[in-house]
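> What follows is start-v8.cif, mmCIF, C-alpha atoms.
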data_structure
#
loop_
_atom_site.label_atom_id
_atom_site.label_comp_id
_atom_site.auth_asym_id
_atom_site.auth_seq_id
_atom_site.Cartn_x
_atom_site.Cartn_y
_atom_site.Cartn_z
CA MET A 18 65.19 85.59 80.61
CA ARG A 19 66.64 88.99 79.90
CA TYR A 20 70.12 90.26 80.91
CA ILE A 21 70.63 94.02 81.02
CA ARG A 22 73.58 96.20 81.93
CA PRO A 23 72.30 99.69 82.73
CA LEU A 24 74.74 102.58 83.00
CA SER A 25 72.78 104.62 85.55
CA ILE A 26 71.20 103.76 88.87
CA GLU A 27 67.95 105.40 87.69
CA ASP A 28 67.76 103.02 84.71
CA ALA A 29 68.48 100.04 86.96
CA VAL A 30 65.80 101.08 89.45
CA GLY A 31 63.33 101.76 86.61
CA GLU A 32 63.86 98.32 85.08
CA LEU A 33 63.51 96.56 88.44
CA ALA A 34 60.41 98.59 89.35
CA LYS A 35 58.57 97.70 86.16
CA ALA A 36 59.70 94.05 86.05
CA VAL A 37 56.70 91.73 85.92
CA GLY A 38 58.31 88.40 86.85
CA PRO A 39 61.09 87.61 89.33
CA ALA A 40 64.03 89.96 88.93
CA ALA A 41 67.54 89.74 90.36
CA ILE A 42 70.37 92.19 90.87
CA LEU A 43 73.77 90.91 89.74
CA ALA A 44 76.97 92.30 91.25
CA GLY A 45 79.47 89.51 92.02
CA GLY A 46 77.00 86.71 91.41
CA SER A 47 78.57 84.41 94.00
CA ASP A 48 75.18 83.87 95.65
CA LEU A 49 72.87 84.57 92.69
CA LEU A 50 74.44 82.14 90.22
CA VAL A 51 74.58 79.38 92.83
CA ARG A 52 70.88 79.90 93.59
CA MET A 53 70.04 79.89 89.88
CA LYS A 54 72.05 76.72 89.36
CA GLY A 55 70.24 75.06 92.26
CA GLY A 56 66.86 76.06 90.86
CA PHE A 57 66.02 78.18 93.92
CA ILE A 58 65.43 81.24 91.76
CA GLU A 59 64.54 81.56 88.09
CA PRO A 60 64.77 85.27 87.35
CA GLU A 61 63.12 86.64 84.23
CA LEU A 62 65.31 89.71 84.47
CA ILE A 63 68.94 90.03 85.59
CA VAL A 64 70.16 93.58 86.19
CA ASP A 65 73.97 93.68 86.14
CA ILE A 66 74.92 96.79 88.15
CA LYS A 67 78.69 96.66 87.64
CA ARG A 68 78.82 99.28 84.87
CA ILE A 69 76.84 101.89 86.77
CA GLY A 70 79.06 104.89 87.43
CA GLY A 71 80.61 104.88 90.91
CA LEU A 72 79.31 101.48 91.94
CA ALA A 73 82.66 99.78 91.33
CA ASP A 74 84.64 102.34 93.37
CA ILE A 75 85.72 102.94 96.95
CA THR A 76 85.79 106.69 97.57
CA GLU A 77 87.08 108.57 100.59
CA THR A 78 84.81 111.46 101.46
CA ALA A 79 84.88 114.11 104.19
CA ASP A 80 82.61 111.83 106.23
CA GLY A 81 84.48 108.55 105.68
CA PHE A 82 84.30 105.83 103.06
CA ARG A 83 81.75 105.05 100.40
CA ILE A 84 82.03 101.48 99.13
CA GLY A 85 80.10 100.97 95.89
CA ALA A 86 77.77 97.98 95.70
CA ALA A 87 79.84 96.32 92.96
CA VAL A 88 83.26 96.51 94.67
CA PRO A 89 84.66 92.97 95.09
CA CYS A 90 85.82 92.06 98.60
CA ALA A 91 89.37 91.52 97.29
CA VAL A 92 89.51 95.24 96.46
CA LEU A 93 88.61 96.11 100.06
CA GLY A 94 91.66 94.17 101.20
CA GLU A 95 93.88 96.03 98.72
CA ASN A 96 92.73 99.46 99.93
CA LYS A 97 95.30 100.59 102.49
CA ALA A 98 93.32 103.51 103.89
CA LEU A 99 90.24 101.36 104.43
CA ARG A 100 92.32 98.59 105.99
CA GLN A 101 93.83 101.06 108.41
CA ALA A 102 90.56 102.72 109.35
CA TRP A 103 88.33 99.63 109.51
CA PRO A 104 90.51 96.51 109.87
CA GLY A 105 87.62 94.50 111.34
CA VAL A 106 85.33 95.17 108.39
CA VAL A 107 88.09 94.30 105.93
CA GLU A 108 89.14 91.10 107.74
CA ALA A 109 85.51 89.98 107.83
CA ALA A 110 84.98 90.73 104.12
CA ASN A 111 88.20 88.89 103.26
CA LEU A 112 87.04 85.73 105.06
CA ILE A 113 84.26 85.13 102.54
CA GLY A 114 85.02 82.15 100.30
CA SER A 115 88.17 81.55 98.27
CA LYS A 116 90.44 83.86 96.27
CA GLN A 117 88.16 83.10 93.32
CA VAL A 118 85.07 84.16 95.26
CA GLN A 119 86.90 87.18 96.72
CA GLY A 120 87.43 88.48 93.19
CA ARG A 121 83.66 88.67 92.72
CA CYS A 122 81.73 88.79 96.01
CA THR A 123 80.67 92.12 97.51
CA ILE A 124 79.75 93.29 101.01
CA THR A 125 76.51 94.74 99.66
CA GLY A 126 75.64 91.34 98.22
CA ASN A 127 76.61 89.70 101.50
CA LEU A 128 74.22 92.09 103.28
CA CYS A 129 71.33 91.70 100.82
CA ASN A 130 71.66 87.92 100.57
CA ALA A 131 70.53 88.15 104.21
CA SER A 132 72.21 85.03 105.57
CA PRO A 133 72.42 85.12 109.38
CA ALA A 134 75.95 83.71 108.96
CA ALA A 135 77.16 86.40 106.52
CA ASP A 136 80.73 87.19 107.58
CA SER A 137 80.91 90.88 106.70
CA VAL A 138 77.58 91.83 108.28
CA PRO A 139 78.40 91.59 112.02
CA ALA A 140 81.51 93.69 111.34
CA LEU A 141 79.45 96.25 109.39
CA VAL A 142 76.76 96.37 112.08
CA ALA A 143 79.39 96.83 114.79
CA ALA A 144 80.97 99.57 112.66
CA GLY A 145 77.66 101.43 112.48
CA ALA A 146 77.75 101.21 108.68
CA LYS A 147 74.92 102.70 106.62
CA ALA A 148 73.38 101.46 103.39
CA VAL A 149 72.45 103.94 100.64
CA VAL A 150 69.24 102.65 99.07
CA ALA A 151 68.15 103.91 95.65
CA GLY A 152 64.54 103.32 94.72
CA PRO A 153 61.61 104.54 92.63
CA SER A 154 60.87 107.31 95.13
CA GLY A 155 64.47 108.50 95.49
CA LYS A 156 67.33 107.68 97.83
CA ARG A 157 67.46 106.96 101.54
CA THR A 158 70.26 106.06 103.92
CA ILE A 159 69.55 103.42 106.54
CA ALA A 160 71.46 101.45 109.16
CA VAL A 161 72.79 98.19 107.67
CA GLU A 162 71.11 96.16 110.43
CA SER A 163 67.71 97.24 109.14
CA VAL A 164 68.30 95.61 105.72
CA PRO A 165 68.04 91.88 106.56
CA THR A 166 64.75 90.87 108.21
CA GLY A 167 65.23 87.09 108.29
CA PRO A 168 67.14 84.35 106.46
CA GLY A 169 67.04 85.35 102.77
CA ARG A 170 64.63 88.24 103.38
CA THR A 171 65.25 91.98 103.37
CA SER A 172 63.32 95.18 104.03
CA LEU A 173 64.03 96.41 100.49
CA ALA A 174 60.94 97.21 98.41
CA LYS A 175 60.43 96.34 94.75
CA GLY A 176 62.74 98.40 92.60
CA GLU A 177 65.16 99.24 95.42
CA ILE A 178 68.91 98.70 95.15
CA VAL A 179 71.55 99.17 97.83
CA GLU A 180 74.03 101.25 95.82
CA ALA A 181 76.72 101.76 98.46
CA ILE A 182 77.81 101.09 102.03
CA LEU A 183 79.01 104.05 104.08
CA LEU A 184 81.59 103.86 106.87
CA ASP A 185 82.34 106.81 109.12
CA LYS A 186 85.65 108.58 109.29
CA ARG A 187 87.63 107.25 112.26
CA PRO A 188 88.41 109.36 115.31
CA GLU A 189 91.66 108.88 117.25
CA HIS A 190 91.84 105.77 119.44
CA ALA A 191 89.38 103.61 117.52
CA GLY A 192 89.49 99.95 116.55
CA ASP A 193 87.29 97.16 115.28
CA ALA A 194 87.65 93.41 114.85
CA TYR A 195 85.80 90.30 113.69
CA LEU A 196 86.19 86.61 114.46
CA ARG A 197 84.18 83.57 113.49
CA PHE A 198 84.27 79.98 114.65
CA ILE A 199 84.62 77.36 111.92
CA PRO A 200 85.83 73.77 112.27
CA ARG A 201 88.27 74.23 109.35
CA THR A 202 90.96 76.84 108.78
CA GLU A 203 89.38 78.56 105.75
CA MET A 204 86.58 78.28 103.15
CA ASP A 205 83.74 77.64 105.56
CA ILE A 206 80.55 79.19 106.90
CA ALA A 207 80.49 80.72 110.37
CA VAL A 208 79.06 78.49 113.10
CA VAL A 209 78.89 81.64 115.18
CA SER A 210 80.72 84.95 114.87
CA ALA A 211 81.22 88.32 116.54
CA GLY A 212 82.17 91.86 115.55
CA VAL A 213 83.20 94.61 117.97
CA ASN A 214 83.89 98.29 117.32
CA LEU A 215 85.35 100.54 120.04
CA THR A 216 86.48 104.10 120.56
CA LEU A 217 88.58 105.04 123.59
CA ASP A 218 89.13 108.26 125.51
CA ASP A 219 92.59 109.75 126.09
CA LYS A 220 93.09 107.61 129.17
CA GLY A 221 92.32 104.34 127.38
CA ALA A 222 88.83 103.85 128.81
CA ILE A 223 86.16 102.74 126.35
CA LYS A 224 84.04 105.67 125.22
CA THR A 225 81.69 103.99 122.73
CA ALA A 226 81.19 100.32 121.88
CA ARG A 227 79.09 98.29 119.49
CA VAL A 228 78.89 94.51 119.57
CA ALA A 229 77.25 92.34 116.91
CA LEU A 230 76.80 88.57 116.67
CA GLY A 231 76.45 86.43 113.53
CA ALA A 232 74.80 83.01 113.04
CA ALA A 233 73.25 83.41 116.48
CA ALA A 234 69.70 84.42 115.46
CA PRO A 235 67.55 84.73 112.29
CA THR A 236 69.39 87.97 111.51
CA VAL A 237 72.73 89.38 112.59
CA LEU A 238 72.20 90.75 116.10
CA LEU A 239 73.25 94.15 117.39
CA VAL A 240 73.63 93.50 121.13
CA GLU A 241 73.24 96.99 122.58
CA GLU A 242 73.51 95.85 126.18
CA ALA A 243 76.88 94.25 125.40
CA GLY A 244 78.14 97.56 124.04
CA GLN A 245 76.89 99.43 127.11
CA VAL A 246 78.66 97.14 129.55
CA LEU A 247 81.99 97.92 127.91
CA VAL A 248 81.64 101.70 128.13
CA GLY A 249 83.86 103.24 130.82
CA SER A 250 85.95 100.10 131.24
CA LYS A 251 89.47 99.17 130.23
CA LEU A 252 88.36 95.60 129.52
CA ASP A 253 89.11 94.20 132.96
CA GLU A 254 88.30 90.54 133.61
CA ALA A 255 84.98 91.26 135.33
CA THR A 256 83.78 93.35 132.37
CA LEU A 257 84.81 90.67 129.86
CA GLU A 258 82.96 88.08 131.93
CA ARG A 259 79.80 90.21 131.87
CA LEU A 260 80.22 90.82 128.13
CA ALA A 261 80.41 87.08 127.48
CA LYS A 262 77.35 86.41 129.64
CA ILE A 263 75.28 89.10 127.91
CA CYS A 264 76.26 87.84 124.43
CA SER A 265 75.50 84.22 125.30
CA GLY A 266 72.15 85.32 126.68
CA ALA A 267 71.29 87.44 123.64
CA CYS A 268 71.65 84.52 121.21
CA ARG A 269 68.58 82.90 119.71
CA PRO A 270 70.43 80.25 117.68
CA ILE A 271 69.28 77.12 115.91
CA ASP A 272 70.48 73.54 116.21
CA ASP A 273 71.92 72.36 112.91
CA LYS A 274 74.74 70.34 111.42
CA ARG A 275 77.19 73.17 112.11
CA GLY A 276 76.50 73.46 115.82
CA THR A 277 74.05 73.02 118.64
CA ILE A 278 72.18 75.80 120.45
CA GLU A 279 74.26 75.20 123.56
CA PHE A 280 77.54 75.33 121.64
CA ARG A 281 76.61 78.49 119.76
CA ARG A 282 75.58 80.26 122.97
CA LYS A 283 78.82 79.37 124.69
CA VAL A 284 81.05 80.27 121.73
CA ALA A 285 79.25 83.59 121.12
CA GLY A 286 80.40 84.70 124.56
CA VAL A 287 83.94 83.40 124.07
CA LEU A 288 84.29 85.11 120.68
CA ALA A 289 82.86 88.41 121.96
CA ARG A 290 85.55 88.50 124.65
CA ARG A 291 88.34 87.72 122.21
CA VAL A 292 87.12 90.17 119.58
CA ALA A 293 86.71 92.94 122.14
CA ALA A 294 90.32 92.39 123.22
CA ILE A 295 91.58 92.63 119.62
CA ALA A 296 89.52 95.77 118.92
CA TYR A 297 90.77 97.33 122.18
CA LYS A 298 94.38 96.68 121.25
CA ARG A 299 93.86 98.08 117.76
CA ALA A 300 92.36 101.20 119.31
CA GLY A 301 95.58 101.66 121.23
CA GLY A 302 94.30 100.40 124.59
CA LYS A 303 96.66 98.64 126.98
CA MET B 20 65.91 83.23 71.51
CA ALA B 21 68.34 85.60 69.86
CA GLY B 22 70.76 85.63 72.78
CA VAL B 23 73.26 88.22 73.94
CA ALA B 24 75.99 89.38 71.57
CA VAL B 25 79.33 89.61 73.36
CA SER B 26 82.66 91.06 72.22
CA THR B 27 85.54 90.16 74.46
CA THR B 28 89.23 89.31 74.52
CA ILE B 29 90.35 85.79 75.34
CA ASN B 30 94.08 85.06 75.72
CA GLY B 31 94.82 88.22 73.76
CA ASP B 32 92.52 87.41 70.83
CA ALA B 33 89.37 89.39 70.04
CA VAL B 34 86.43 87.00 70.26
CA GLU B 35 82.75 87.48 69.52
CA TYR B 36 79.97 85.11 70.49
CA LEU B 37 76.25 84.86 71.06
CA CYS B 38 75.11 83.30 74.32
CA GLN B 39 71.94 82.88 76.31
CA PRO B 40 71.50 85.30 79.23
CA ASP B 41 71.70 82.52 81.83
CA GLU B 42 74.69 80.79 80.25
CA THR B 43 77.86 80.83 82.35
CA LEU B 44 81.25 81.91 81.05
CA LEU B 45 82.39 78.32 81.67
CA GLU B 46 79.66 76.99 79.36
CA VAL B 47 80.56 79.58 76.73
CA LEU B 48 84.26 78.70 76.89
CA ARG B 49 83.72 74.97 76.72
CA ASP B 50 80.62 74.51 74.58
CA ARG B 51 80.69 77.49 72.23
CA LEU B 52 84.38 78.28 71.86
CA GLY B 53 85.90 74.81 72.26
CA LEU B 54 88.19 75.95 75.07
CA THR B 55 87.79 72.86 77.23
CA GLY B 56 90.75 73.46 79.54
CA ALA B 57 88.58 74.97 82.27
CA LYS B 58 86.65 72.10 83.85
CA GLU B 59 83.27 71.91 85.50
CA GLY B 60 83.73 70.31 88.90
CA CYS B 61 80.99 71.53 91.20
CA GLY B 62 79.42 74.35 89.18
CA THR B 63 78.90 76.33 92.39
CA GLY B 64 82.23 78.03 92.99
CA ASP B 65 83.53 75.55 95.56
CA CYS B 66 86.18 73.55 93.69
CA GLY B 67 88.08 76.01 91.48
CA ALA B 68 88.41 73.61 88.51
CA CYS B 69 86.90 76.28 86.23
CA SER B 70 89.27 79.07 87.36
CA VAL B 71 90.05 81.79 84.84
CA ILE B 72 91.36 85.33 85.15
CA VAL B 73 89.05 88.20 84.16
CA ASP B 74 90.57 91.69 84.05
CA GLY B 75 93.38 90.54 86.32
CA ARG B 76 91.07 88.90 88.90
CA LEU B 77 91.01 85.18 89.57
CA VAL B 78 87.39 83.96 89.34
CA CYS B 79 85.38 80.79 88.96
CA SER B 80 84.03 80.90 85.41
CA CYS B 81 81.00 78.88 86.59
CA LEU B 82 79.99 81.92 88.68
CA VAL B 83 80.32 84.43 85.84
CA LEU B 84 77.72 84.86 83.12
CA GLY B 85 78.97 84.70 79.55
CA ALA B 86 77.25 88.04 78.97
CA GLU B 87 79.37 89.66 81.68
CA ALA B 88 82.56 89.15 79.66
CA GLU B 89 81.63 92.02 77.32
CA GLY B 90 84.67 94.28 76.94
CA ARG B 91 86.71 92.29 79.47
CA GLU B 92 90.02 90.46 79.13
CA VAL B 93 89.80 86.78 79.89
CA GLU B 94 92.81 84.52 80.46
CA THR B 95 92.36 80.76 80.36
CA ILE B 96 94.71 77.79 80.66
CA GLU B 97 94.90 77.65 76.85
CA GLY B 98 96.89 80.91 76.90
CA MET B 99 99.43 79.79 79.49
CA ALA B 100 102.04 78.03 77.33
CA HIS B 101 103.74 79.84 74.46
CA GLY B 102 103.50 77.33 71.63
CA ASP B 103 105.53 74.32 72.73
CA GLN B 104 107.17 76.31 75.50
CA LEU B 105 105.47 75.40 78.76
CA HIS B 106 104.97 78.01 81.46
CA PRO B 107 107.34 77.34 84.42
CA LEU B 108 104.36 76.32 86.53
CA GLN B 109 103.29 73.75 83.95
CA GLN B 110 106.86 72.45 83.70
CA LYS B 111 107.19 72.14 87.49
CA PHE B 112 103.80 70.45 87.84
CA LEU B 113 105.12 67.77 85.47
CA GLU B 114 108.50 67.44 87.19
CA HIS B 115 106.96 67.18 90.66
CA ALA B 116 104.16 64.87 89.55
CA ALA B 117 101.73 67.45 90.93
CA LEU B 118 98.82 65.88 89.12
CA GLN B 119 97.23 62.50 88.77
CA CYS B 120 93.81 62.50 87.13
CA GLY B 121 94.34 66.06 85.90
CA ILE B 122 90.82 67.46 86.25
CA CYS B 123 91.82 70.07 88.84
CA THR B 124 95.13 70.91 87.15
CA PRO B 125 94.11 73.75 84.79
CA GLY B 126 92.38 75.48 87.71
CA PHE B 127 95.41 75.02 89.97
CA LEU B 128 97.75 76.36 87.30
CA ILE B 129 95.64 79.46 86.68
CA ALA B 130 95.21 80.07 90.42
CA ALA B 131 98.94 79.55 91.01
CA LYS B 132 99.77 81.95 88.17
CA ASP B 133 97.53 84.58 89.75
CA LEU B 134 99.08 83.92 93.17
CA LEU B 135 102.67 84.36 91.88
CA ALA B 136 101.72 87.46 89.90
CA LYS B 137 100.55 89.10 93.12
CA ASN B 138 103.13 87.52 95.44
CA PRO B 139 106.29 86.27 93.67
CA SER B 140 107.79 84.81 96.89
CA PRO B 141 104.94 83.19 98.80
CA THR B 142 105.55 81.15 101.95
CA GLU B 143 104.23 77.62 102.07
CA GLU B 144 101.35 78.86 104.21
CA GLU B 145 100.54 81.61 101.71
CA ILE B 146 100.52 79.06 98.91
CA ARG B 147 98.19 76.75 100.84
CA PHE B 148 95.80 79.57 101.74
CA GLY B 149 96.07 81.09 98.27
CA LEU B 150 95.11 77.80 96.64
CA ALA B 151 92.42 76.88 99.18
CA GLY B 152 89.76 77.57 96.56
CA ASN B 153 91.05 74.71 94.42
CA LEU B 154 90.23 71.16 95.38
CA CYS B 155 92.31 68.12 94.42
CA ARG B 156 91.23 64.62 95.43
CA CYS B 157 94.33 62.84 94.13
CA THR B 158 97.59 64.43 95.18
CA GLY B 159 97.07 65.39 98.79
CA TYR B 160 98.24 68.88 97.77
CA ASP B 161 101.83 68.45 98.91
CA LYS B 162 103.28 67.92 95.44
CA ILE B 163 101.30 70.86 94.14
CA VAL B 164 102.73 73.11 96.85
CA ARG B 165 106.28 71.92 96.07
CA ALA B 166 105.75 72.53 92.36
CA VAL B 167 104.53 76.07 92.99
CA GLN B 168 107.49 76.78 95.28
CA ASP B 169 109.93 75.48 92.69
CA ALA B 170 108.25 77.44 89.89
CA ALA B 171 108.36 80.59 92.01
CA ASN B 172 112.13 80.18 92.37
CA VAL B 173 112.58 79.62 88.64
CA MET B 174 110.40 82.62 87.76
CA LYS B 175 112.30 84.89 90.15
CA GLY B 176 115.55 83.86 88.52
CA ALA B 177 114.20 84.48 85.04
#
Show the structure stored in the file as structure tokens.


Amino acid sequence: MRYIRPLSIEDAVGELAKAVGPAAILAGGSDLLVRMKGGFIEPELIVDIKRIGGLADITETADGFRIGAAVPCAVLGENKALRQAWPGVVEAANLIGSKQVQGRCTITGNLCNASPAADSVPALVAAGAKAVVAGPSGKRTIAVESVPTGPGRTSLAKGEIVEAILLDKRPEHAGDAYLRFIPRTEMDIAVVSAGVNLTLDDKGAIKTARVALGAAAPTVLLVEEAGQVLVGSKLDEATLERLAKICSGACRPIDDKRGTIEFRRKVAGVLARRVAAIAYKRAGGK
Amino acid sequence: MAGVAVSTTINGDAVEYLCQPDETLLEVLRDRLGLTGAKEGCGTGDCGACSVIVDGRLVCSCLVLGAEAEGREVETIEGMAHGDQLHPLQQKFLEHAALQCGICTPGFLIAAKDLLAKNPSPTEEEIRFGLAGNLCRCTGYDKIVRAVQDAANVMKGA
């Protein structure tokens, strides 16, 4: 096995593209090292991306935020501007693991590990976040929901690296939120989860809405119909009831030790309602 | 295999070592450098017994490669006391009997040190959440929480 620490994204992409055996990208390592330890992956090449310029930084641009692929989730929580603009994304990222894991894990890693139960991903999908992908044929920017294609699988080609996650600048009257159901109070994996992102008009009616569900299907689900039903409303009871019904209906969950299909369907609807209410309040709605 | 040459700082001392690319920082500390304070509990980042601080961040050393420590500053339990002078957290862990078998203790002390560095006056809830990444199967946690509270008061007074 070889461990390398390239200083440029081009070098990292080049090494990954020409790798003959299994190769792995190392940022926080909180998934990779566990999988290596368990014998699920035996990489011949490990590309540590933490010293690549810009990858360890959060930068505010004219368009919003650029979160480098090697930024630990703890740093997201310490960034006041990001917390104010995207509280739902930050609260989701800060639910992953312990303080020890927070010091290492990244939202890009959470996305590319492609677990349906990844905490930060429903919040990122609801937020309309984009992933900047660097590869042998240059760079492209894609919606985060197009990265995972199934449990542990992504749409990334050989040699491609997600180098950053982009979040838009926030307009007035905007809010997002994330909740998950777990049987404990912390340090657990979502049984089912929901992220909601709203913008309101001057009168407090919902102008745009995105709703995403986690651990409810093979990938995190963007439930477009759920977003549409919220538009124009002020989250009255009838709208919340329809939102819950749509979300429960959109689930394609599995039965496992964490929860049954029936339970996940029911709770997806309950969480969507609660998260929508939090996002609405954060957006300044009454 | 030749291994990876690493220059790093551990508890303020410059240290150089050779390690294999898949060797964890925990393995390097324990097996190459003789720093056996950090313990291997689970080896998968769940129990916190191997907690160390790298560049001011609390991490599980079982989830860090030894090669990643290049140019970093690592703090381990071995650097916590000054000679015979125990750190207030160590002293309070003894006074409150906040340990029994002791395997989790170095991890708890390092995690508690990091917690108090970032939040010198934590509430009980903040202590419990802050230390949720450290598992103890002996004490039931209550004595650990009391020890951290007492140490926080001593350290504020100091």

> Emit as lines of an AutoDock Vina configuration file the padded axis-aligned box for all listed atoms of region 157-170 of chain B, 4 Å per side, with centre and edge lengths in Å to one decimal.


center_x = 102.1
center_y = 70.1
center_z = 94.4
size_x = 23.6
size_y = 22.6
size_z = 17.0

> Kindly assemble as a Markdown table a list of the chain B residues that lie within 8 Å of chain A, each paired with its nearest atom pair and their distance in Å to one decimal, using only C-alpha atoms, sorted first by chain and then by ascending residue number.


| residue | atom | partner | partner_atom | distance |
| --- | --- | --- | --- | --- |
| B:Val23 | CA | A:Tyr20 | CA | 7.9 |
| B:Pro40 | CA | A:Tyr20 | CA | 5.4 |
| B:Asp41 | CA | A:Met18 | CA | 7.3 |
| B:Gly62 | CA | A:Lys54 | CA | 7.7 |
| B:Thr63 | CA | A:Val51 | CA | 5.3 |
| B:Gly64 | CA | A:Val118 | CA | 7.1 |
| B:Gly67 | CA | A:Gln117 | CA | 7.3 |
| B:Ser70 | CA | A:Gln117 | CA | 7.3 |
| B:Arg76 | CA | A:Gly120 | CA | 5.6 |
| B:Leu77 | CA | A:Gln117 | CA | 5.1 |
| B:Val78 | CA | A:Gln117 | CA | 4.1 |
| B:Cys79 | CA | A:Gln117 | CA | 5.7 |
| B:Leu82 | CA | A:Leu50 | CA | 5.8 |
| B:Val83 | CA | A:Gly46 | CA | 6.9 |
| B:Ala86 | CA | A:Tyr20 | CA | 7.7 |
| B:Phe148 | CA | A:Glu203 | CA | 7.6 |
| B:Gly149 | CA | A:Lys116 | CA | 6.6 |
| B:Leu150 | CA | A:Lys116 | CA | 7.7 |
| B:Ala151 | CA | A:Ser115 | CA | 6.4 |
| B:Gly152 | CA | A:Ser115 | CA | 4.6 |

> Take the point (63.0, 81.3, 106.3) in the file's coordinates, draw a sphere of radius 12 Å around it, and report as a list in words every protein, DNA or RNA residue with an atom inside or on it, counting only C-alpha atoms.

Ala131, Ser132, Pro133, Pro165, Thr166, Gly167, Pro168, Gly169, Arg170, Thr171, Ala234, Pro235 and Thr236 of chain A

> Mind giving me the straight-line distance from CA of Cys66 (chain B) to CA of Lys162 (chain B) in Å, one decimal?

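Atom-to-atom, CA of Cys66 (chain B) and CA of Lys162 (chain B) are spaced 18.1 Å apart.
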
> What is the distance between CA of Val25 (chain B) and CA of Gly90 (chain B), in Å to one decimal?

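Straight-line distance from CA of Val25 (chain B) to CA of Gly90 (chain B) works out to 7.9 Å.
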
> For a quick check of understanding, using all atoms listed in the file, which of A:Asp28, A:Asp218, A:Glu258, A:Glu162 has the smallest distance to Leu238 (chain A)?

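Answer, going by the shortest atom-to-atom distance: A:Glu162.
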
> Could you tell me how far CA of Val246 (chain A) lies from CA of Tyr195 (chain A), in Å and to one decimal?

18.7 Å

> When the PyMOL selection byres ((chain B and resi 167) around 10) is applied to the file above, which residues end up in the set, as a ChimeraX atom specification?

/B:107-109,111-112,115,117,127-128,131-132,134-135,141,143,146,162-166,168-173

> Could you name the residues that touch Cys38 (chain B) at 12 Å or less, counting only C-alpha atoms, but leaving out those on the same chain fewer than 6 positions away, as a PyMOL selection string?

(chain A and resi 18-20) or (chain B and resi 20-26+44-48+50-52+84-89)

> Could you turn the residues from that selection into a file that holds C-alpha atoms, as a short mmCIF file (atom, residue, chain, number, x, y, z; two decimals), keeping the file's coordinate frame?


data_model
loop_
_atom_site.label_atom_id
_atom_site.label_comp_id
_atom_site.auth_asym_id
_atom_site.auth_seq_id
_atom_site.Cartn_x
_atom_site.Cartn_y
_atom_site.Cartn_z
CA MET A 18 65.19 85.59 80.61
CA ARG A 19 66.64 88.99 79.90
CA TYR A 20 70.12 90.26 80.91
CA MET B 20 65.91 83.23 71.51
CA ALA B 21 68.34 85.60 69.86
CA GLY B 22 70.76 85.63 72.78
CA VAL B 23 73.26 88.22 73.94
CA ALA B 24 75.99 89.38 71.57
CA VAL B 25 79.33 89.61 73.36
CA SER B 26 82.66 91.06 72.22
CA LEU B 44 81.25 81.91 81.05
CA LEU B 45 82.39 78.32 81.67
CA GLU B 46 79.66 76.99 79.36
CA VAL B 47 80.56 79.58 76.73
CA LEU B 48 84.26 78.70 76.89
CA ASP B 50 80.62 74.51 74.58
CA ARG B 51 80.69 77.49 72.23
CA LEU B 52 84.38 78.28 71.86
CA LEU B 84 77.72 84.86 83.12
CA GLY B 85 78.97 84.70 79.55
CA ALA B 86 77.25 88.04 78.97
CA GLU B 87 79.37 89.66 81.68
CA ALA B 88 82.56 89.15 79.66
CA GLU B 89 81.63 92.02 77.32
#

> As a ChimeraX atom specification, please: the residues near Arg91 (chain B) (cut-off 10 Å, only C-alpha atoms, same-chain neighbours under 6 positions excluded).

/B:25-29,73-75

> Considering all atoms listed in the file, return as a PyMOL selection string whatever protein or nucleic-acid residues lie within 12 Å of Glu32 (chain A), sequence-local ones (same chain, fewer than 2 positions apart) excluded.

chain A and resi 19-30+34-42+61-66+152-153+175-178

> Compile the contact shell of Arg259 (chain A) as a list in words: residues with an atom at most 9 Å away, counting all atoms listed in the file, same-chain residues fewer than 3 positions apart removed.

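The neighbour list is Ala243, Val246, Leu247, Glu254, Ala255, Thr256, Lys262, Ile263 and Cys264 of chain A.
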
> Pull out every residue that the PyMOL selection byres ((chain B and resi 98) around 12) matches in the shown coordinates and put them as a PyMOL selection string.

chain B and resi 28-32+54+56-57+71-72+92-97+99-106+109+125+128-129+132

> Convert the output of the PyMOL selection byres ((chain A and resi 216) around 6) on the shown file into explicit residues, formatted as a list of chain:residue names.

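So the PyMOL selection byres ((chain A and resi 216) around 6) ends up selecting A:His190, A:Ala191, A:Leu215, A:Leu217, A:Ile223, A:Lys224, A:Thr225.
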
> Skip Lys186 (chain A) itself and residues of its chain fewer than 3 positions away, then list as a PDB file with C-alpha atoms, keeping the file's coordinate frame all residues within 7 Å of it, counting only C-alpha atoms.


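Below you can see around07.pdb, which holds the result:
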ATOM      1  CA  ASP A  80      82.610 111.830 106.230  1.00  0.00           C
ATOM      2  CA  GLY A  81      84.480 108.550 105.680  1.00  0.00           C
ATOM      3  CA  PHE A  82      84.300 105.830 103.060  1.00  0.00           C
TER       4      PHE A  82
END

> Between A:Ala226, A:Ile159, A:Val284, A:Leu33, which is the closest to Asp193 (chain A) once you count all atoms listed in the file?

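Between A:Ala226, A:Ile159, A:Val284, A:Leu33, the residue approaching Asp193 (chain A) most closely is A:Ala226.
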